[in-house]
Amino acid sequence: MNLVVVGLSHKTAPVALRERFAVPDDALGDAAGRVRLVDGCRESFVVSTCNRVEVYAAFDGERPSDDALTDVLASVGQATRGQVSPHAYLHAGPEAVRHLFRVASSLDSLVVGEPQILGQLKSAFEACRSAGQAGPVLTRALDRAIGVARKVRTETGIGRSSVSVSSVAVDLARQIFGDLSACAVLLVGAGKMGELAARHFKTHGARELLVANRNFDRARALASALGGHPRGLDELDGLLQQADIVVTSTGAPGYLVTTSAMRRIVPARKYRPIFFIDIAVPRNVEPTINALENAYVYDVDDLSGIANENLAERRREAEAAEQLVADEAGRFLRDLAGQSAAPTIQALRRKADAIRDAELERAMRRLTGLDEKQRKAIEMLADGITNKLLHGAFTTLKDAARDDRPDASAALVRQIFRLDDEEPAP
Amino acid sequence: MGAMLNLLTLGAGLFGLSTLLYLGALWRPRPSLERAAHAALSVTIAVWIGLLTHQALAGLGGTPRFWLGLSALTLSALYIALRTRYPIESLGSFVAALSTLLAVFAAVNSQELGGAHHALPEGVHAWLLPVHVGLAFLGVTAFAFSTAVSVVYLLQARMLKQKAKPALRRRLPPLDVLDHLALRGVLVGFPPYTVALLLGSFEAFRTDAVRPSYLVALVSWLVYGVVLQARLTAGWRGRRAAGLTTVGLLMCLGVVAQYALRGA
């Protein structure tokens, strides 16, 4: 069985081409069905995300030519071979397995380590399997890919750190407050980035959201959209006593929150920690507030810096993950090869058992008057001879499969024992 | 006696090994390394339970090394119990290091000063000593835990203020959890320490055997009193509370050191 993958991704094709290949979830089965029309294709599945479209297929014997496979991909996007081939990649055999494992482990993603791809792979596969297009070989490959992806996530730090400004802000807040469910978030201003960060905090379980704006109607509209409470900007000092997390994103030219004001407010808060996320440019929060006890100030550069460091860390972890994926791919291929000897072993076992049973029956008919103990002894003798005779052949077949030369040995065994006279090779 | 000393040294070594594994897990967080560190500390706790039970059965339950060993054991057991409830995986290295220190004191003390506990001041009730020392060690153990947590708090707060690289910061527990645990440590340790101090003072004044160590103990008690008062009324938390908690423990350890070197 030969595994093949052909596809387009964010690394090889522009979005203008990728968007033509987007396959809705309910059409994945049909797309995989079209792949099955290619000669020798036993199983297939198609995965389509905003960053990639890929066709996985398992072929009997030799795989089709590169052109034929490119045509298969082109048919998914109703494009021509000429349009697709400059952007398509094609992997077969061990490289196809490694590619699948890399994709599942998010090593080939736009944002390395993002967790969504595994869910997308699973649901695409499930759609193709329920449409009857994916079978045991691809199931085994995908199951192993999922296992490898989980191993990569637990054994490396690839998915540990956040790489967007909003997620970094939430992570920092968690480092200060632990559980966000007791935290009140104050959003000052109506900037897009601030809104996004506030929404992120709300999604991550913040208890309360207060929205303060110079224009109260705007505050009310934004609060209603975010599920918060509107407040006027003139209440700011009081709000700073209530809030745990303050997100500022106004267009004010100077500082809205000053160190002298916070010197009064920190004791009034009974030294409860306060975390400022100042996304505004020019900044709204005086940076020296960071020197006050239990007050933490991060501006947009600080947050971006952390996001970039996290990204670099992910890349470093990705190197360890690549090694893990390569090892697992090698192991999977050896297992798969080992299983390729199974049909011959089963056929040989069936033939030997049939001969043993027939000879035993004939012998028992001739040997009358045997007691139970004597019958058992003769059966054990027959079993012993059969098993010992087969042992060498089984070992040779398994070793050959592991050494990537299963076909020649299997053919020899089939010929010597005339296995194909009684049953066709699978 | 010699075999017991070897076992105590082995026990201290096990705490040291746990510390190294925790430090390794802090430096390079891997689930396998964290599991190994927890397993090592759990085995160490089991070994120390055996060692201390053996000591108690041999009638050496009141020796300085017994109490030091019990402190080391309690501290680590407390951590193992608390980590089922709080995200404090990374505290392991600090707690195990403190336990190692106490266990080393126990091993050294047994080698050099074994038997000093028999030197009771004249007129002191025999029943009072184990109660006084036991309560004091219970209090000091809780304060030690609180201090370990406070040190981590100071580290974490500093890293957050300095906007340090996220790798190590992320491995330490959140400030709020650390602050909560530090307060809990003082709250748990203060009552037994208070009773121990009252009993000790009562007997010291009754038998006219007041020593400088009592004064140090009294000041340390006052420090913890201030910590509690400031935390519960003025809302002190963070740097100031952590600093005072550490000062209090240093004084307590001074008293313990005098006790261990001199005998009761």
# chains A, B, ... in the order shown; residues from 1 in each chain; ligands from 1

$ closest_atom_pairs --of "chain A" --to "chain B" --cutoff "9 Å" --atoms "only C-alpha atoms" --output "CSV"
residue,atom,partner,partner_atom,distance
A:Thr154,CA,B:Pro31,CA,7.2
A:Glu155,CA,B:Arg30,CA,6.2
A:Thr156,CA,B:Arg30,CA,7.5
A:Gly157,CA,B:Pro29,CA,8.3
A:Ser161,CA,B:Pro166,CA,8.4
A:Asp171,CA,B:Arg170,CA,8.6
A:Leu172,CA,B:Leu160,CA,8.2
A:Ala173,CA,B:Pro174,CA,8.8
A:Arg174,CA,B:Pro174,CA,6.5
A:Gln175,CA,B:Pro174,CA,4.2
A:Ile176,CA,B:Leu175,CA,4.8
A:Phe177,CA,B:Asp176,CA,5.0
A:Gly178,CA,B:Pro174,CA,5.0
A:Asp179,CA,B:Asp176,CA,8.7
A:Pro267,CA,B:Gly235,CA,8.4
A:Arg269,CA,B:Gly235,CA,8.4
A:Lys270,CA,B:Gly235,CA,4.7
A:Tyr271,CA,B:Gly235,CA,6.2
A:Arg272,CA,B:Arg237,CA,7.6
A:Pro273,CA,B:Asp176,CA,8.6
A:Asn290,CA,B:Lys161,CA,6.6
A:Ala291,CA,B:Lys161,CA,7.5
A:Glu293,CA,B:Arg239,CA,7.5
A:Asn294,CA,B:Gly238,CA,7.0
A:Ala295,CA,B:Lys161,CA,8.4
A:Tyr296,CA,B:Lys161,CA,6.2
A:Val297,CA,B:Lys161,CA,7.8
A:Tyr298,CA,B:Lys163,CA,8.1
A:Asp302,CA,B:Lys163,CA,7.3
A:Ile306,CA,B:Pro166,CA,6.9
A:Glu309,CA,B:Lys165,CA,7.4
A:Asn310,CA,B:Pro166,CA,7.4
A:Glu313,CA,B:Ala167,CA,8.4

$ residues_around --residues "Ala12 in chain B" --least-positions-apart "5" --cutoff "7 Å" --atoms "only C-alpha atoms" --output "mmCIF file with all heavy atoms, in the first residue's frame"
data_model
loop_
_atom_site.group_PDB
_atom_site.id
_atom_site.type_symbol
_atom_site.label_atom_id
_atom_site.label_comp_id
_atom_site.auth_asym_id
_atom_site.auth_seq_id
_atom_site.Cartn_x
_atom_site.Cartn_y
_atom_site.Cartn_z
ATOM 1 N N THR B 100 15.388 20.061 52.673
ATOM 2 C CA THR B 100 16.758 19.532 52.643
ATOM 3 C C THR B 100 17.602 20.186 53.735
ATOM 4 O O THR B 100 18.328 19.517 54.478
ATOM 5 C CB THR B 100 17.413 19.791 51.265
ATOM 6 O OG1 THR B 100 16.551 19.292 50.260
ATOM 7 C CG2 THR B 100 18.765 19.123 51.146
ATOM 8 N N ALA B 103 16.599 18.863 57.043
ATOM 9 C CA ALA B 103 17.034 17.465 57.182
ATOM 10 C C ALA B 103 18.547 17.388 57.407
ATOM 11 O O ALA B 103 19.016 16.556 58.186
ATOM 12 C CB ALA B 103 16.641 16.680 55.937
ATOM 13 N N VAL B 104 19.278 18.261 56.729
ATOM 14 C CA VAL B 104 20.740 18.284 56.932
ATOM 15 C C VAL B 104 21.047 18.700 58.371
ATOM 16 O O VAL B 104 21.893 18.097 59.044
ATOM 17 C CB VAL B 104 21.420 19.230 55.912
ATOM 18 C CG1 VAL B 104 22.860 19.520 56.299
ATOM 19 C CG2 VAL B 104 21.374 18.620 54.519
#

$ residues_around --residues "range 132-148 of chain A" --least-positions-apart "5" --cutoff "6 Å" --atoms "only C-alpha atoms" --output "list in words"
Glu43, Ser44, Phe45 and Phe101 of chain A

$ select_by_dssp --residues "range 78-312 of chain A" --states "strand (DSSP E or B)" --output "PyMOL selection string"
chain A and resi 89-92+184-188+208-213+229-232+245-248+257+274-278+285+295-299

$ residues_around --residues "Leu186 in chain A" --least-positions-apart "6" --cutoff "8 Å" --atoms "only C-alpha atoms" --output "list in words"
Leu209, Leu210, Val211, Ala212, Leu239, Leu240, Ala243, Asp244, Ile245, Val246 and Val247 of chain A

$ select_by_dssp --residues "range 166-268 of chain A" --states "alpha helix (DSSP H)" --output "PyMOL selection string"
chain A and resi 166-177+192-203+216-226+236-242+259-268

$ residues_around --residues "range 179-186 of chain B" --least-positions-apart "5" --cutoff "7 Å" --atoms "only C-alpha atoms" --output "number ranges by chain"
B: 142-143, 145-147, 149-150, 237-238

$ residues_around --residues "range 216-222 of chain B" --least-positions-apart "6" --cutoff "8 Å" --atoms "only C-alpha atoms" --output "number ranges by chain"
B: 190, 193-194, 197, 247-249, 251-252, 254-255

$ write_last_selection --atoms "N, CA and C atoms" --output "PDB file, in the first residue's frame"
ATOM      1  N   PHE B 190       0.707  30.668  63.502  1.00  0.00           N
ATOM      2  CA  PHE B 190       0.693  31.636  64.602  1.00  0.00           C
ATOM      3  C   PHE B 190       0.115  31.065  65.907  1.00  0.00           C
ATOM      4  N   TYR B 193       2.506  28.605  67.650  1.00  0.00           N
ATOM      5  CA  TYR B 193       3.718  29.331  68.054  1.00  0.00           C
ATOM      6  C   TYR B 193       3.423  30.190  69.285  1.00  0.00           C
ATOM      7  N   THR B 194       2.233  30.776  69.307  1.00  0.00           N
ATOM      8  CA  THR B 194       1.838  31.613  70.442  1.00  0.00           C
ATOM      9  C   THR B 194       1.767  30.776  71.717  1.00  0.00           C
ATOM     10  N   LEU B 197       5.159  29.770  72.885  1.00  0.00           N
ATOM     11  CA  LEU B 197       5.861  30.899  73.507  1.00  0.00           C
ATOM     12  C   LEU B 197       5.332  31.164  74.920  1.00  0.00           C
ATOM     13  N   VAL B 247      11.712  37.893  57.473  1.00  0.00           N
ATOM     14  CA  VAL B 247      12.447  38.351  58.667  1.00  0.00           C
ATOM     15  C   VAL B 247      12.024  37.514  59.877  1.00  0.00           C
ATOM     16  N   GLY B 248      10.715  37.298  60.021  1.00  0.00           N
ATOM     17  CA  GLY B 248      10.190  36.509  61.143  1.00  0.00           C
ATOM     18  C   GLY B 248      10.784  35.113  61.147  1.00  0.00           C
ATOM     19  N   LEU B 249      10.871  34.500  59.990  1.00  0.00           N
ATOM     20  CA  LEU B 249      11.395  33.129  59.941  1.00  0.00           C
ATOM     21  C   LEU B 249      12.874  33.096  60.324  1.00  0.00           C
ATOM     22  N   MET B 251      14.380  34.944  62.364  1.00  0.00           N
ATOM     23  CA  MET B 251      14.467  35.020  63.836  1.00  0.00           C
ATOM     24  C   MET B 251      14.098  33.674  64.454  1.00  0.00           C
ATOM     25  N   CYS B 252      13.035  33.057  63.949  1.00  0.00           N
ATOM     26  CA  CYS B 252      12.622  31.742  64.461  1.00  0.00           C
ATOM     27  C   CYS B 252      13.749  30.737  64.304  1.00  0.00           C
ATOM     28  N   GLY B 254      16.831  31.367  64.177  1.00  0.00           N
ATOM     29  CA  GLY B 254      17.859  31.717  65.157  1.00  0.00           C
ATOM     30  C   GLY B 254      17.568  31.030  66.483  1.00  0.00           C
ATOM     31  N   VAL B 255      16.299  31.075  66.894  1.00  0.00           N
ATOM     32  CA  VAL B 255      15.907  30.427  68.154  1.00  0.00           C
ATOM     33  C   VAL B 255      16.118  28.917  68.045  1.00  0.00           C
TER      34      VAL B 255
END

$ atom_distance --atom1 "CA of Ile416 in chain A" --atom2 "CA of Ala341 in chain A"
15.7 Å

$ residues_around --residues "Arg214 in chain A" --least-positions-apart "4" --cutoff "8 Å" --atoms "only C-alpha atoms" --output "list in words"
Gly189, Ala219, Gly232, Leu233 and Asp234 of chain A

$ write_last_selection --atoms "C-alpha atoms" --output "PDB file, in the first residue's frame"
ATOM      1  CA  GLY A 189     -11.861  54.136  25.441  1.00  0.00           C
ATOM      2  CA  ALA A 219     -19.783  53.621  26.227  1.00  0.00           C
ATOM      3  CA  GLY A 232     -18.538  58.013  32.325  1.00  0.00           C
ATOM      4  CA  LEU A 233     -14.866  58.916  32.142  1.00  0.00           C
ATOM      5  CA  ASP A 234     -15.370  61.438  34.976  1.00  0.00           C
TER       6      ASP A 234
END

$ atom_distance --atom1 "CA of Thr246 in chain B" --atom2 "CA of Leu101 in chain B"
15.8 Å

$ atom_distance --atom1 "CA of Phe125 in chain A" --atom2 "CA of Ala320 in chain A"
27.1 Å

$ decode --residues "range 133-145 of chain B" --atoms "N, CA, C and O atoms" --output "PDB file, in the first residue's frame"
ATOM      1  N   VAL B 133       8.157  22.361  72.663  1.00  0.00           N
ATOM      2  CA  VAL B 133       9.004  22.239  71.467  1.00  0.00           C
ATOM      3  C   VAL B 133       8.178  21.806  70.254  1.00  0.00           C
ATOM      4  O   VAL B 133       8.334  22.332  69.146  1.00  0.00           O
ATOM      5  N   GLY B 134       7.275  20.855  70.497  1.00  0.00           N
ATOM      6  CA  GLY B 134       6.439  20.361  69.395  1.00  0.00           C
ATOM      7  C   GLY B 134       5.605  21.476  68.783  1.00  0.00           C
ATOM      8  O   GLY B 134       5.565  21.639  67.544  1.00  0.00           O
ATOM      9  N   LEU B 135       4.955  22.276  69.631  1.00  0.00           N
ATOM     10  CA  LEU B 135       4.119  23.377  69.114  1.00  0.00           C
ATOM     11  C   LEU B 135       4.978  24.417  68.402  1.00  0.00           C
ATOM     12  O   LEU B 135       4.601  24.950  67.350  1.00  0.00           O
ATOM     13  N   ALA B 136       6.152  24.703  68.995  1.00  0.00           N
ATOM     14  CA  ALA B 136       7.045  25.691  68.378  1.00  0.00           C
ATOM     15  C   ALA B 136       7.483  25.218  66.988  1.00  0.00           C
ATOM     16  O   ALA B 136       7.461  25.991  66.018  1.00  0.00           O
ATOM     17  N   PHE B 137       7.827  23.936  66.870  1.00  0.00           N
ATOM     18  CA  PHE B 137       8.254  23.417  65.565  1.00  0.00           C
ATOM     19  C   PHE B 137       7.112  23.415  64.559  1.00  0.00           C
ATOM     20  O   PHE B 137       7.321  23.688  63.383  1.00  0.00           O
ATOM     21  N   LEU B 138       5.909  23.126  65.057  1.00  0.00           N
ATOM     22  CA  LEU B 138       4.750  23.161  64.162  1.00  0.00           C
ATOM     23  C   LEU B 138       4.581  24.583  63.594  1.00  0.00           C
ATOM     24  O   LEU B 138       4.402  24.782  62.386  1.00  0.00           O
ATOM     25  N   GLY B 139       4.676  25.565  64.502  1.00  0.00           N
ATOM     26  CA  GLY B 139       4.562  26.962  64.075  1.00  0.00           C
ATOM     27  C   GLY B 139       5.660  27.338  63.099  1.00  0.00           C
ATOM     28  O   GLY B 139       5.402  27.923  62.040  1.00  0.00           O
ATOM     29  N   VAL B 140       6.900  26.955  63.447  1.00  0.00           N
ATOM     30  CA  VAL B 140       8.039  27.330  62.592  1.00  0.00           C
ATOM     31  C   VAL B 140       7.920  26.666  61.219  1.00  0.00           C
ATOM     32  O   VAL B 140       8.252  27.268  60.192  1.00  0.00           O
ATOM     33  N   THR B 141       7.421  25.430  61.196  1.00  0.00           N
ATOM     34  CA  THR B 141       7.247  24.737  59.912  1.00  0.00           C
ATOM     35  C   THR B 141       6.264  25.505  59.028  1.00  0.00           C
ATOM     36  O   THR B 141       6.513  25.709  57.831  1.00  0.00           O
ATOM     37  N   ALA B 142       5.155  25.918  59.635  1.00  0.00           N
ATOM     38  CA  ALA B 142       4.162  26.687  58.859  1.00  0.00           C
ATOM     39  C   ALA B 142       4.766  28.012  58.393  1.00  0.00           C
ATOM     40  O   ALA B 142       4.555  28.439  57.249  1.00  0.00           O
ATOM     41  N   PHE B 143       5.548  28.660  59.273  1.00  0.00           N
ATOM     42  CA  PHE B 143       6.195  29.929  58.878  1.00  0.00           C
ATOM     43  C   PHE B 143       7.212  29.686  57.757  1.00  0.00           C
ATOM     44  O   PHE B 143       7.373  30.518  56.864  1.00  0.00           O
ATOM     45  N   ALA B 144       7.908  28.543  57.839  1.00  0.00           N
ATOM     46  CA  ALA B 144       8.899  28.220  56.799  1.00  0.00           C
ATOM     47  C   ALA B 144       8.207  28.056  55.453  1.00  0.00           C
ATOM     48  O   ALA B 144       8.679  28.553  54.421  1.00  0.00           O
ATOM     49  N   PHE B 145       7.062  27.380  55.483  1.00  0.00           N
ATOM     50  CA  PHE B 145       6.296  27.211  54.243  1.00  0.00           C
ATOM     51  C   PHE B 145       5.880  28.580  53.702  1.00  0.00           C
ATOM     52  O   PHE B 145       6.033  28.890  52.517  1.00  0.00           O
TER      53      PHE B 145
END
